[in-house]
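Here is query26.txt, consisting of compact mmCIF, C-alpha atoms and all ligand atoms:
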```
# COMPACT_ATOMS: atom_id res chain seq x y z
CA MET Z 1 30.21 -17.26 -2.71
CA ASP Z 2 29.18 -19.09 -5.90
CA ASP Z 3 25.51 -19.09 -4.82
CA LEU Z 4 25.61 -15.31 -5.15
CA ARG Z 5 27.25 -15.60 -8.57
CA ASP Z 6 24.67 -18.17 -9.71
CA ALA Z 7 21.85 -16.01 -8.36
CA ALA Z 8 23.25 -12.96 -10.16
CA ALA Z 9 23.50 -14.92 -13.42
CA ALA Z 10 19.86 -16.06 -13.12
CA LEU Z 11 18.77 -12.49 -12.37
CA ALA Z 12 20.81 -10.99 -15.24
CA GLU Z 13 19.14 -13.20 -17.84
CA ALA Z 14 15.64 -13.05 -16.35
CA ARG Z 15 12.92 -11.28 -18.33
CA ARG Z 16 10.21 -11.64 -15.67
CA VAL Z 17 11.05 -11.29 -11.95
CA VAL Z 18 8.90 -11.39 -8.81
CA VAL Z 19 10.41 -9.85 -5.67
CA PHE Z 20 8.51 -11.20 -2.65
CA THR Z 21 9.29 -9.44 0.64
CA GLY Z 22 8.54 -9.67 4.35
CA ALA Z 23 9.40 -7.69 7.46
CA GLY Z 24 13.09 -8.65 7.21
CA ILE Z 25 13.72 -6.25 4.31
CA SER Z 26 12.69 -3.35 6.58
CA ALA Z 27 14.61 -4.63 9.63
CA GLU Z 28 17.79 -2.70 8.76
CA SER Z 29 15.77 0.48 8.44
CA GLY Z 30 15.09 0.03 12.15
CA VAL Z 31 11.57 -1.39 11.81
CA PRO Z 32 11.01 -4.27 14.25
CA THR Z 33 10.07 -7.44 12.38
CA PHE Z 34 6.57 -8.72 12.92
CA ARG Z 35 7.61 -11.30 15.43
CA ASP Z 36 9.50 -8.77 17.48
CA ALA Z 37 7.25 -5.80 16.65
CA LEU Z 38 6.26 -5.85 20.28
CA THR Z 39 9.35 -4.20 21.72
CA GLY Z 40 9.03 -2.37 25.03
CA LEU Z 41 5.56 -1.74 26.29
CA TRP Z 42 3.92 -4.04 23.75
CA GLU Z 43 5.80 -7.08 24.98
CA ARG Z 44 2.86 -8.18 27.06
CA PHE Z 45 0.70 -8.46 23.93
CA ASP Z 46 0.94 -11.12 21.25
CA ALA Z 47 1.05 -9.39 17.81
CA GLN Z 48 -1.22 -12.05 16.44
CA ALA Z 49 -3.73 -11.31 19.18
CA LEU Z 50 -3.63 -7.58 18.44
CA ALA Z 51 -3.77 -7.94 14.64
CA THR Z 52 -7.33 -9.30 14.61
CA PRO Z 53 -10.85 -7.90 14.09
CA GLN Z 54 -11.77 -9.22 17.54
CA ALA Z 55 -9.01 -7.20 19.24
CA PHE Z 56 -10.24 -4.04 17.49
CA ALA Z 57 -13.84 -4.78 18.46
CA ASP Z 58 -12.84 -5.49 22.06
CA ASP Z 59 -10.50 -2.52 22.52
CA PRO Z 60 -10.37 -0.13 19.54
CA ASP Z 61 -8.24 2.44 21.43
CA LEU Z 62 -5.51 -0.13 22.21
CA VAL Z 63 -5.38 -1.46 18.63
CA TRP Z 64 -5.63 1.96 16.94
CA GLY Z 65 -2.89 3.27 19.28
CA TRP Z 66 -0.62 0.35 18.29
CA TYR Z 67 -1.07 0.92 14.57
CA GLU Z 68 -0.66 4.69 14.85
CA TRP Z 69 2.55 4.12 16.86
CA ARG Z 70 3.79 1.75 14.17
CA ARG Z 71 2.95 4.33 11.45
CA THR Z 72 4.89 7.04 13.30
CA VAL Z 73 7.87 4.65 13.58
CA ILE Z 74 7.79 4.20 9.78
CA ASP Z 75 7.56 7.98 9.24
CA GLN Z 76 10.78 8.37 11.27
CA VAL Z 77 12.88 5.76 9.39
CA ARG Z 78 14.23 5.60 5.86
CA PRO Z 79 14.40 2.94 3.15
CA ASN Z 80 17.66 0.94 3.35
CA PRO Z 81 20.01 -0.24 0.52
CA GLY Z 82 17.90 -3.40 0.28
CA HIS Z 83 14.80 -1.42 -0.78
CA VAL Z 84 16.93 0.61 -3.22
CA ALA Z 85 18.42 -2.58 -4.71
CA VAL Z 86 14.88 -3.85 -5.38
CA ALA Z 87 14.13 -0.64 -7.29
CA THR Z 88 17.39 -1.17 -9.25
CA ILE Z 89 16.20 -4.64 -10.26
CA GLU Z 90 12.98 -3.02 -11.54
CA ALA Z 91 15.11 -0.59 -13.57
CA HIS Z 92 17.04 -3.46 -15.21
CA VAL Z 93 14.21 -5.97 -15.68
CA PRO Z 94 11.15 -4.26 -17.18
CA HIS Z 95 8.70 -6.95 -16.08
CA THR Z 96 9.46 -6.96 -12.34
CA VAL Z 97 6.60 -7.17 -9.83
CA VAL Z 98 7.23 -6.39 -6.16
CA VAL Z 99 4.85 -8.34 -3.90
CA THR Z 100 5.16 -7.37 -0.25
CA GLN Z 101 3.61 -8.64 2.98
CA ASN Z 102 4.79 -5.43 4.65
CA VAL Z 103 2.38 -2.67 5.62
CA ASP Z 104 5.09 0.04 5.54
CA ASP Z 105 5.76 2.37 2.59
CA LEU Z 106 9.53 1.80 2.40
CA HIS Z 107 9.40 0.07 -1.01
CA GLU Z 108 7.59 3.12 -2.42
CA ARG Z 109 10.05 5.51 -0.76
CA GLY Z 110 12.95 3.30 -1.96
CA GLY Z 111 11.89 3.80 -5.59
CA SER Z 112 9.51 0.93 -6.34
CA SER Z 113 6.64 2.28 -8.41
CA ALA Z 114 3.73 -0.01 -7.56
CA PRO Z 115 4.39 -2.71 -4.95
CA VAL Z 116 1.50 -5.17 -4.47
CA HIS Z 117 0.53 -5.06 -0.77
CA LEU Z 118 -0.88 -8.48 0.14
CA HIS Z 119 -1.59 -7.39 3.73
CA GLY Z 120 -2.60 -3.77 3.14
CA SER Z 121 -0.85 -0.69 4.43
CA LEU Z 122 -0.52 1.50 7.51
CA PHE Z 123 -1.18 4.47 5.21
CA THR Z 124 -4.63 3.55 3.95
CA PRO Z 125 -7.00 3.64 6.95
CA ARG Z 126 -10.69 3.23 6.19
CA CYS Z 127 -14.04 3.39 7.92
CA ALA Z 128 -14.91 0.13 9.71
CA GLY Z 129 -18.57 0.91 8.96
CA CYS Z 130 -18.89 2.15 5.37
CA ALA Z 131 -15.30 1.28 4.20
CA ARG Z 132 -14.75 4.81 2.88
CA PRO Z 133 -11.04 5.72 2.88
CA ALA Z 134 -9.94 8.04 5.68
CA PRO Z 135 -6.95 10.39 5.68
CA ALA Z 136 -3.78 8.80 7.19
CA GLY Z 137 -2.24 10.60 10.12
CA THR Z 138 -5.37 12.23 11.48
CA GLY Z 139 -5.56 12.65 15.22
CA ALA Z 140 -2.88 12.78 17.88
CA GLU Z 141 0.51 11.11 17.42
CA PRO Z 142 0.79 8.43 20.15
CA GLU Z 143 3.95 7.59 22.00
CA GLN Z 144 4.68 3.88 22.11
CA GLY Z 145 2.04 2.00 23.98
CA ARG Z 146 -0.48 4.81 24.39
CA ARG Z 147 -4.11 4.02 23.73
CA LEU Z 148 -5.70 6.30 21.17
CA ALA Z 149 -9.38 6.51 20.26
CA PRO Z 150 -9.76 5.94 16.49
CA PRO Z 151 -11.13 8.99 14.61
CA ARG Z 152 -14.77 8.80 13.41
CA CYS Z 153 -15.82 8.59 9.77
CA ALA Z 154 -16.92 11.95 8.30
CA HIS Z 155 -19.66 10.16 6.38
CA CYS Z 156 -21.22 7.67 8.78
CA ALA Z 157 -19.48 8.40 12.11
CA GLY Z 158 -18.20 4.78 12.22
CA PRO Z 159 -14.76 4.12 13.74
CA ILE Z 160 -11.75 4.40 11.41
CA ARG Z 161 -9.71 1.18 11.28
CA PRO Z 162 -6.15 0.45 10.03
CA GLY Z 163 -6.00 -0.42 6.31
CA VAL Z 164 -4.24 -3.72 7.01
CA VAL Z 165 -5.37 -7.35 6.62
CA TRP Z 166 -5.88 -8.87 10.06
CA PHE Z 167 -5.59 -12.55 10.92
CA GLY Z 168 -8.85 -14.20 9.94
CA GLU Z 169 -9.51 -11.61 7.20
CA ALA Z 170 -9.33 -12.36 3.49
CA LEU Z 171 -6.48 -10.85 1.51
CA PRO Z 172 -7.40 -8.27 -1.15
CA GLU Z 173 -8.56 -10.47 -4.05
CA GLU Z 174 -6.84 -8.56 -6.85
CA ALA Z 175 -3.52 -8.39 -4.99
CA LEU Z 176 -3.51 -12.12 -4.29
CA GLU Z 177 -4.56 -12.99 -7.85
CA THR Z 178 -1.78 -10.81 -9.28
CA ALA Z 179 0.80 -12.35 -6.94
CA VAL Z 180 -0.19 -15.91 -7.83
CA GLN Z 181 -0.36 -15.14 -11.56
CA GLU Z 182 3.07 -13.49 -11.58
CA ALA Z 183 4.59 -16.36 -9.54
CA THR Z 184 3.30 -18.96 -12.02
CA ASP Z 185 4.79 -17.00 -14.91
CA CYS Z 186 8.18 -15.66 -13.83
CA ASP Z 187 11.79 -16.58 -14.62
CA VAL Z 188 13.02 -15.77 -11.08
CA LEU Z 189 11.24 -15.25 -7.75
CA LEU Z 190 13.45 -13.51 -5.17
CA THR Z 191 12.06 -13.99 -1.63
CA VAL Z 192 13.55 -11.60 0.91
CA GLY Z 193 13.16 -11.35 4.69
CA THR Z 194 10.12 -13.47 5.33
CA SER Z 195 9.68 -16.28 7.82
CA GLY Z 196 7.28 -17.95 5.39
CA LEU Z 197 4.84 -18.73 8.21
CA VAL Z 198 1.76 -16.70 7.31
CA TYR Z 199 -0.71 -18.01 4.76
CA PRO Z 200 -1.85 -17.73 2.04
CA ALA Z 201 1.05 -15.27 1.34
CA ALA Z 202 3.66 -17.93 2.12
CA GLU Z 203 2.31 -19.95 -0.81
CA ILE Z 204 3.66 -17.45 -3.36
CA PRO Z 205 7.31 -18.67 -3.42
CA LYS Z 206 6.01 -22.26 -3.43
CA VAL Z 207 3.91 -21.51 -6.53
CA ALA Z 208 7.01 -20.30 -8.39
CA ALA Z 209 8.94 -23.42 -7.33
CA MET Z 210 6.02 -25.67 -8.34
CA PHE Z 211 6.13 -24.18 -11.85
CA GLY Z 212 9.86 -24.90 -12.04
CA HIS Z 213 11.06 -21.29 -11.80
CA THR Z 214 14.28 -20.24 -10.02
CA VAL Z 215 13.60 -19.26 -6.39
CA ILE Z 216 16.32 -17.26 -4.66
CA GLN Z 217 15.97 -16.70 -0.90
CA VAL Z 218 17.70 -13.92 1.06
CA ASN Z 219 17.46 -14.41 4.83
CA PRO Z 220 20.04 -14.62 7.64
CA ARG Z 221 18.14 -17.52 9.19
CA PRO Z 222 16.68 -20.80 7.93
CA THR Z 223 12.95 -20.73 7.08
CA PRO Z 224 10.38 -23.25 5.78
CA LEU Z 225 11.10 -21.76 2.33
CA ASP Z 226 14.62 -23.27 2.40
CA GLU Z 227 13.15 -26.42 0.90
CA VAL Z 228 11.71 -24.65 -2.14
CA ALA Z 229 14.63 -22.26 -2.71
CA THR Z 230 16.89 -23.07 -5.67
CA LEU Z 231 19.54 -20.80 -4.14
CA ASN Z 232 19.79 -19.77 -0.48
CA LEU Z 233 21.71 -16.56 0.24
CA ARG Z 234 22.28 -16.51 4.01
CA GLY Z 235 22.63 -12.97 5.20
CA PRO Z 236 21.02 -9.53 5.65
CA ALA Z 237 19.09 -7.93 2.80
CA ALA Z 238 20.78 -4.52 3.01
CA THR Z 239 24.13 -6.20 2.25
CA LEU Z 240 23.18 -9.10 -0.01
CA LEU Z 241 20.69 -7.33 -2.30
CA PRO Z 242 23.15 -4.60 -3.36
CA ALA Z 243 25.85 -7.29 -3.83
CA LEU Z 244 23.43 -9.34 -5.95
CA VAL Z 245 22.53 -6.35 -8.11
CA GLU Z 246 26.20 -5.34 -8.51
CA ALA Z 247 27.10 -8.90 -9.57
CA ALA Z 248 24.18 -9.09 -12.01
CA TRP Z 249 24.70 -5.67 -13.59
CA PRO Z 250 28.26 -4.51 -12.82
CA VAL Z 251 28.62 -0.75 -12.98
CA SER Z 252 31.44 -0.55 -15.51
C1 LIG Z 301 -6.84 -15.73 5.97
C2 LIG Z 301 -0.85 -7.19 8.59
C3 LIG Z 301 -8.97 -16.65 5.54
C4 LIG Z 301 -1.27 -6.81 9.97
C5 LIG Z 301 -0.37 -9.59 8.73
C6 LIG Z 301 -3.73 -21.64 5.64
C7 LIG Z 301 -4.34 -20.96 4.59
C8 LIG Z 301 -4.94 -19.71 4.82
C9 LIG Z 301 -4.91 -19.14 6.10
C10 LIG Z 301 -4.31 -19.81 7.15
C11 LIG Z 301 -3.71 -21.05 6.92
N1 LIG Z 301 -3.19 -21.46 8.12
C12 LIG Z 301 -3.42 -20.54 9.06
C13 LIG Z 301 -4.12 -19.53 8.52
C14 LIG Z 301 -4.57 -18.35 9.24
C15 LIG Z 301 -3.57 -17.20 9.20
C16 LIG Z 301 -2.14 -17.64 9.33
O1 LIG Z 301 -1.43 -17.78 8.33
N2 LIG Z 301 -1.67 -17.83 10.55
C17 LIG Z 301 -0.30 -18.21 10.76
C18 LIG Z 301 0.23 -17.50 12.00
C19 LIG Z 301 -0.22 -19.71 10.87
N3 LIG Z 301 -3.75 -16.45 7.98
C20 LIG Z 301 -4.69 -15.49 7.96
O2 LIG Z 301 -5.45 -15.26 8.88
C21 LIG Z 301 -4.81 -14.69 6.68
N4 LIG Z 301 -6.19 -14.64 6.30
O3 LIG Z 301 -6.36 -16.80 5.85
O4 LIG Z 301 -8.19 -15.51 5.80
C22 LIG Z 301 -10.23 -16.13 4.96
C23 LIG Z 301 -10.54 -16.42 3.64
C24 LIG Z 301 -11.74 -15.96 3.13
C25 LIG Z 301 -12.60 -15.19 3.91
C26 LIG Z 301 -12.26 -14.87 5.22
C27 LIG Z 301 -11.06 -15.34 5.77
C28 LIG Z 301 -4.39 -13.24 6.89
C29 LIG Z 301 -2.97 -13.16 7.29
C30 LIG Z 301 -2.53 -11.69 7.29
C31 LIG Z 301 -2.20 -11.24 8.69
N5 LIG Z 301 -1.66 -9.88 8.66
N6 LIG Z 301 0.08 -8.33 8.65
C32 LIG Z 301 -0.14 -6.17 10.74
O5 LIG Z 301 0.96 -5.96 10.16
O6 LIG Z 301 -0.36 -5.89 11.93
S1 LIG Z 301 0.74 -10.86 8.86
C33 LIG Z 301 2.29 -10.27 9.38
O7 LIG Z 301 3.10 -11.40 9.72
C34 LIG Z 301 3.10 -9.63 8.29
O8 LIG Z 301 2.33 -8.88 7.40
C35 LIG Z 301 3.74 -10.78 7.57
O9 LIG Z 301 3.01 -11.16 6.46
C36 LIG Z 301 3.59 -11.92 8.50
C37 LIG Z 301 4.85 -12.70 8.65
O10 LIG Z 301 5.83 -11.84 8.99
P1 LIG Z 301 7.19 -11.73 8.11
O11 LIG Z 301 7.01 -10.63 7.17
O12 LIG Z 301 7.64 -13.03 7.56
O13 LIG Z 301 8.10 -11.28 9.27
P2 LIG Z 301 8.58 -12.19 10.48
O14 LIG Z 301 8.82 -11.28 11.63
O15 LIG Z 301 7.69 -13.38 10.65
O16 LIG Z 301 9.97 -12.75 9.93
C38 LIG Z 301 10.98 -11.82 9.59
C39 LIG Z 301 11.98 -12.59 8.76
O17 LIG Z 301 12.99 -11.67 8.36
C40 LIG Z 301 12.65 -13.71 9.52
O18 LIG Z 301 12.72 -14.87 8.71
C41 LIG Z 301 14.06 -13.16 9.77
O19 LIG Z 301 15.05 -14.18 9.74
C42 LIG Z 301 14.25 -12.26 8.57
N7 LIG Z 301 15.19 -11.16 8.76
C43 LIG Z 301 15.50 -10.51 9.92
N8 LIG Z 301 16.42 -9.54 9.65
C44 LIG Z 301 16.67 -9.59 8.31
C45 LIG Z 301 15.89 -10.62 7.75
N9 LIG Z 301 15.92 -10.92 6.44
C46 LIG Z 301 16.75 -10.20 5.65
N10 LIG Z 301 17.53 -9.19 6.12
C47 LIG Z 301 17.52 -8.87 7.43
N11 LIG Z 301 18.31 -7.89 7.89
ZN ZN Z 302 -18.12 5.44 7.39
```

As structure tokens, how would this structure be written, given the file I've shared?
Ligand code: BV8
Ligand code: ZN
Amino acid sequence: MDDLRDAAAALAEARRVVVFTGAGISAESGVPTFRDALTGLWERFDAQALATPQAFADDPDLVWGWYEWRRTVIDQVRPNPGHVAVATIEAHVPHTVVVTQNVDDLHERGGSSAPVHLHGSLFTPRCAGCARPAPAGTGAEPEQGRRLAPPRCAHCAGPIRPGVVWFGEALPEEALETAVQEATDCDVLLTVGTSGLVYPAAEIPKVAAMFGHTVIQVNPRPTPLDEVATLNLRGPAATLLPALVEAAWPVS
């Protein structure tokens, strides 16, 4: 597969790398991707309809129950070789920035020191009223599909909300600025496991391509990012990322 060899060569000589990830990198850990996050009981809901401020305002117990169920799913799974390969890239290329759309903590548990979370995290709930951070994991652990009343803020008694970015909400300014800045100024941007459908995050690989940098995509399926990828590695992250790292930095 000479695309893999070419990708490994680009990675091996890169001094500045951005690793941009979506739900696909966590798929082989057993985490449903965003578009099929609604397995079982959630099938009757559209994720995009649940991941909105309106849904939380209309039915906080349903939305809080969904996010708490998703957090407990993450607590029960482990990072996969794809997450570990990303941390290995960081070990070889000092200026590597991991930019993730994922709200799980598998990059952190896989060894990445400071991933940039464009869409927040399941582990940083906050008060919907005064925005004070609230402890993650408070309250009962829901089974899939159970409604759960959100805890109340110790300071203002407002409802605690998930620390994620919902549709219609602005991304954290600093995270987005960092991601754009790093994409304009990298040697290689590796985009892994994203459908490239959600904006403005999906712009990040396009920024790197626009500035003439090498964009390597890892995804088993075609995506809108195919047209900006310099190299397209068709396959699962947990297989291809370790192979890419091994080819770039062979363990003698
Ligand atoms: C905003 C957190 C404005 C919540 C998420 C143009 C510009 C700006 C905005 C818009 C725009 N057009 C439309 C919009 C609105 C909207 C949007 O993009 N809608 C889409 C649907 C068209 N964007 C927004 O609302 C954003 N906010 O624009 O605000 C604003 C500005 C100022 C002031 C006020 C407001 C906010 C978007 C953030 C939404 N939150 N997540 C939660 O998790 O519940 S998005 C969610 O879906 C994920 O975080 C992720 O980012 C996104 C896409 O999911 P992916 O990660 O790509 O996963 P997906 O399931 O789609 O695909 C998985 C991929 O993996 C597939 O390609 C598959 O082939 C691959 N795969 C599978 N297995 C593997 C694999 N790959 C590798 N290995 C495997 N084994
Ligand atoms: Zn409060």

> Given the choices Z:Phe56, Z:Phe34, Z:Trp64, Z:Trp69, which gets closest to ligand LIG 301 (chain Z) if the distance is worked out from all atoms listed in the file?
Replying inline: Z:Phe34

Hey, could you make a per-residue contact list for stretch 93-143 of chain Z against stretch 192-203 of chain Z with 10 Å as the cut-off, showing the nearest pair of atoms and its distance in Å to one decimal, counting all atoms listed in the file, sorted by chain and number, as JSON lines?
```
{"residue": "Z:Val99", "atom": "CA", "partner": "Z:Ala201", "partner_atom": "CA", "distance": 9.5}
{"residue": "Z:Thr100", "atom": "CA", "partner": "Z:Ala201", "partner_atom": "CA", "distance": 9.0}
{"residue": "Z:Gln101", "atom": "CA", "partner": "Z:Ala201", "partner_atom": "CA", "distance": 7.3}
{"residue": "Z:Asn102", "atom": "CA", "partner": "Z:Thr194", "partner_atom": "CA", "distance": 9.7}
{"residue": "Z:Leu118", "atom": "CA", "partner": "Z:Ala201", "partner_atom": "CA", "distance": 7.2}
{"residue": "Z:His119", "atom": "CA", "partner": "Z:Ala201", "partner_atom": "CA", "distance": 8.6}
```

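Distances to ligand ZN 302 (chain Z) were evaluated for Z:Ala243, Z:Ala134, Z:Leu233, Z:Lys206 using all atoms listed in the file, and the minimum falls at Z:Ala134.
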
> Which is closer to Z:Gln181 than all the others in Z:Trp249, Z:Asp6, Z:Pro159, Z:Ala208, using all atoms listed in the file?
Replying inline: Z:Ala208

>> When you look at Z:Pro220 with a cut-off of 10 Å (counting all atoms listed in the file), what residues show up, excluding the ones that are within fewer than 3 positions of it in the same chain? I need them as a ChimeraX atom specification.
In response: /Z:24,192-193,217,223,232-237,240

>> Distance cut-off 12 Å, centre (15.3, 3.0, 4.4) in file coordinates, counting only C-alpha atoms: which residues qualify? Return them as an NGL selection string.
In response: :Z and (25-31 or 73-86 or 104-111 or 237-238)

Proximity of chain Z to ligand ZN 302 (chain Z): per-residue shortest pair, 8 Å limit, only C-alpha atoms and all ligand atoms, as a tab-separated table:
```
residue	atom	partner	partner_atom	distance
Z:Arg126	CA	Z:ZN302	ZN	7.8
Z:Cys127	CA	Z:ZN302	ZN	4.6
Z:Ala128	CA	Z:ZN302	ZN	6.6
Z:Gly129	CA	Z:ZN302	ZN	4.8
Z:Cys130	CA	Z:ZN302	ZN	3.9
Z:Ala131	CA	Z:ZN302	ZN	6.0
Z:Arg132	CA	Z:ZN302	ZN	5.7
Z:Arg152	CA	Z:ZN302	ZN	7.7
Z:Cys153	CA	Z:ZN302	ZN	4.6
Z:Ala154	CA	Z:ZN302	ZN	6.7
Z:His155	CA	Z:ZN302	ZN	5.1
Z:Cys156	CA	Z:ZN302	ZN	4.1
Z:Ala157	CA	Z:ZN302	ZN	5.7
Z:Gly158	CA	Z:ZN302	ZN	4.9
Z:Pro159	CA	Z:ZN302	ZN	7.3
Z:Ile160	CA	Z:ZN302	ZN	7.6
```

Would you export the selected residues with C-alpha atoms as a PDB file, in the frame of the given file, please?
```pdb
ATOM      1  CA  ARG Z 126     -10.690   3.230   6.190  1.00  0.00           C
ATOM      2  CA  CYS Z 127     -14.040   3.390   7.920  1.00  0.00           C
ATOM      3  CA  ALA Z 128     -14.910   0.130   9.710  1.00  0.00           C
ATOM      4  CA  GLY Z 129     -18.570   0.910   8.960  1.00  0.00           C
ATOM      5  CA  CYS Z 130     -18.890   2.150   5.370  1.00  0.00           C
ATOM      6  CA  ALA Z 131     -15.300   1.280   4.200  1.00  0.00           C
ATOM      7  CA  ARG Z 132     -14.750   4.810   2.880  1.00  0.00           C
ATOM      8  CA  ARG Z 152     -14.770   8.800  13.410  1.00  0.00           C
ATOM      9  CA  CYS Z 153     -15.820   8.590   9.770  1.00  0.00           C
ATOM     10  CA  ALA Z 154     -16.920  11.950   8.300  1.00  0.00           C
ATOM     11  CA  HIS Z 155     -19.660  10.160   6.380  1.00  0.00           C
ATOM     12  CA  CYS Z 156     -21.220   7.670   8.780  1.00  0.00           C
ATOM     13  CA  ALA Z 157     -19.480   8.400  12.110  1.00  0.00           C
ATOM     14  CA  GLY Z 158     -18.200   4.780  12.220  1.00  0.00           C
ATOM     15  CA  PRO Z 159     -14.760   4.120  13.740  1.00  0.00           C
ATOM     16  CA  ILE Z 160     -11.750   4.400  11.410  1.00  0.00           C
TER      17      ILE Z 160
END
```

>> Which residues are near Z:Ala8? Cut-off 7 Å, all atoms listed in the file, ignore same chain within fewer than 2 positions. Put them as a PyMOL selection string.
In response: chain Z and resi 4-6+10-12+244-245+247-248

>> Quick one: residues within 10 Å of Z:Ala209, all atoms listed in the file, excluding same-chain residues fewer than 6 positions away - as a list in words?
In response: Ala183, Thr184, Val188, Leu189, Glu203, Val215, Ile216, Glu227, Val228, Ala229 and Thr230 of chain Z

>> Under the rule that all atoms listed in the file are counted, which of Z:Pro94, Z:Pro125, Z:Pro224, Z:Pro60 is the nearest residue to ligand LIG 301 (chain Z)?
In response: Z:Pro224

Serialized stretch 62-74 of chain Z w/ N, CA, C and O atoms as a PDB file, in the first residue's frame:
```
ATOM      1  N   LEU Z  62     -34.637  13.853  30.177  1.00  0.00           N
ATOM      2  CA  LEU Z  62     -34.336  12.968  29.034  1.00  0.00           C
ATOM      3  C   LEU Z  62     -32.912  13.222  28.549  1.00  0.00           C
ATOM      4  O   LEU Z  62     -32.121  12.301  28.355  1.00  0.00           O
ATOM      5  N   VAL Z  63     -32.561  14.520  28.391  1.00  0.00           N
ATOM      6  CA  VAL Z  63     -31.234  14.868  27.828  1.00  0.00           C
ATOM      7  C   VAL Z  63     -30.135  14.527  28.835  1.00  0.00           C
ATOM      8  O   VAL Z  63     -29.134  13.903  28.473  1.00  0.00           O
ATOM      9  N   TRP Z  64     -30.351  14.880  30.123  1.00  0.00           N
ATOM     10  CA  TRP Z  64     -29.315  14.570  31.119  1.00  0.00           C
ATOM     11  C   TRP Z  64     -29.131  13.054  31.224  1.00  0.00           C
ATOM     12  O   TRP Z  64     -28.005  12.555  31.273  1.00  0.00           O
ATOM     13  N   GLY Z  65     -30.215  12.294  31.162  1.00  0.00           N
ATOM     14  CA  GLY Z  65     -30.134  10.823  31.219  1.00  0.00           C
ATOM     15  C   GLY Z  65     -29.325  10.286  30.053  1.00  0.00           C
ATOM     16  O   GLY Z  65     -28.481   9.394  30.215  1.00  0.00           O
ATOM     17  N   TRP Z  66     -29.499  10.876  28.862  1.00  0.00           N
ATOM     18  CA  TRP Z  66     -28.761  10.403  27.670  1.00  0.00           C
ATOM     19  C   TRP Z  66     -27.270  10.650  27.825  1.00  0.00           C
ATOM     20  O   TRP Z  66     -26.439   9.773  27.572  1.00  0.00           O
ATOM     21  N   TYR Z  67     -26.926  11.847  28.310  1.00  0.00           N
ATOM     22  CA  TYR Z  67     -25.491  12.154  28.447  1.00  0.00           C
ATOM     23  C   TYR Z  67     -24.850  11.348  29.564  1.00  0.00           C
ATOM     24  O   TYR Z  67     -23.717  10.894  29.449  1.00  0.00           O
ATOM     25  N   GLU Z  68     -25.571  11.144  30.671  1.00  0.00           N
ATOM     26  CA  GLU Z  68     -25.027  10.348  31.762  1.00  0.00           C
ATOM     27  C   GLU Z  68     -24.864   8.891  31.313  1.00  0.00           C
ATOM     28  O   GLU Z  68     -23.860   8.246  31.625  1.00  0.00           O
ATOM     29  N   TRP Z  69     -25.810   8.390  30.486  1.00  0.00           N
ATOM     30  CA  TRP Z  69     -25.647   7.026  29.957  1.00  0.00           C
ATOM     31  C   TRP Z  69     -24.406   6.964  29.072  1.00  0.00           C
ATOM     32  O   TRP Z  69     -23.562   6.065  29.222  1.00  0.00           O
ATOM     33  N   ARG Z  70     -24.241   7.971  28.233  1.00  0.00           N
ATOM     34  CA  ARG Z  70     -23.060   7.987  27.352  1.00  0.00           C
ATOM     35  C   ARG Z  70     -21.784   8.058  28.173  1.00  0.00           C
ATOM     36  O   ARG Z  70     -20.777   7.418  27.863  1.00  0.00           O
ATOM     37  N   ARG Z  71     -21.759   8.840  29.282  1.00  0.00           N
ATOM     38  CA  ARG Z  71     -20.566   8.924  30.120  1.00  0.00           C
ATOM     39  C   ARG Z  71     -20.274   7.557  30.754  1.00  0.00           C
ATOM     40  O   ARG Z  71     -19.119   7.118  30.804  1.00  0.00           O
ATOM     41  N   THR Z  72     -21.337   6.865  31.188  1.00  0.00           N
ATOM     42  CA  THR Z  72     -21.070   5.554  31.833  1.00  0.00           C
ATOM     43  C   THR Z  72     -20.565   4.555  30.786  1.00  0.00           C
ATOM     44  O   THR Z  72     -19.739   3.694  31.103  1.00  0.00           O
ATOM     45  N   VAL Z  73     -21.007   4.694  29.534  1.00  0.00           N
ATOM     46  CA  VAL Z  73     -20.477   3.816  28.465  1.00  0.00           C
ATOM     47  C   VAL Z  73     -18.971   4.054  28.327  1.00  0.00           C
ATOM     48  O   VAL Z  73     -18.176   3.124  28.272  1.00  0.00           O
ATOM     49  N   ILE Z  74     -18.567   5.333  28.333  1.00  0.00           N
ATOM     50  CA  ILE Z  74     -17.135   5.658  28.170  1.00  0.00           C
ATOM     51  C   ILE Z  74     -16.335   5.106  29.356  1.00  0.00           C
ATOM     52  O   ILE Z  74     -15.249   4.561  29.192  1.00  0.00           O
TER      53      ILE Z  74
END
```
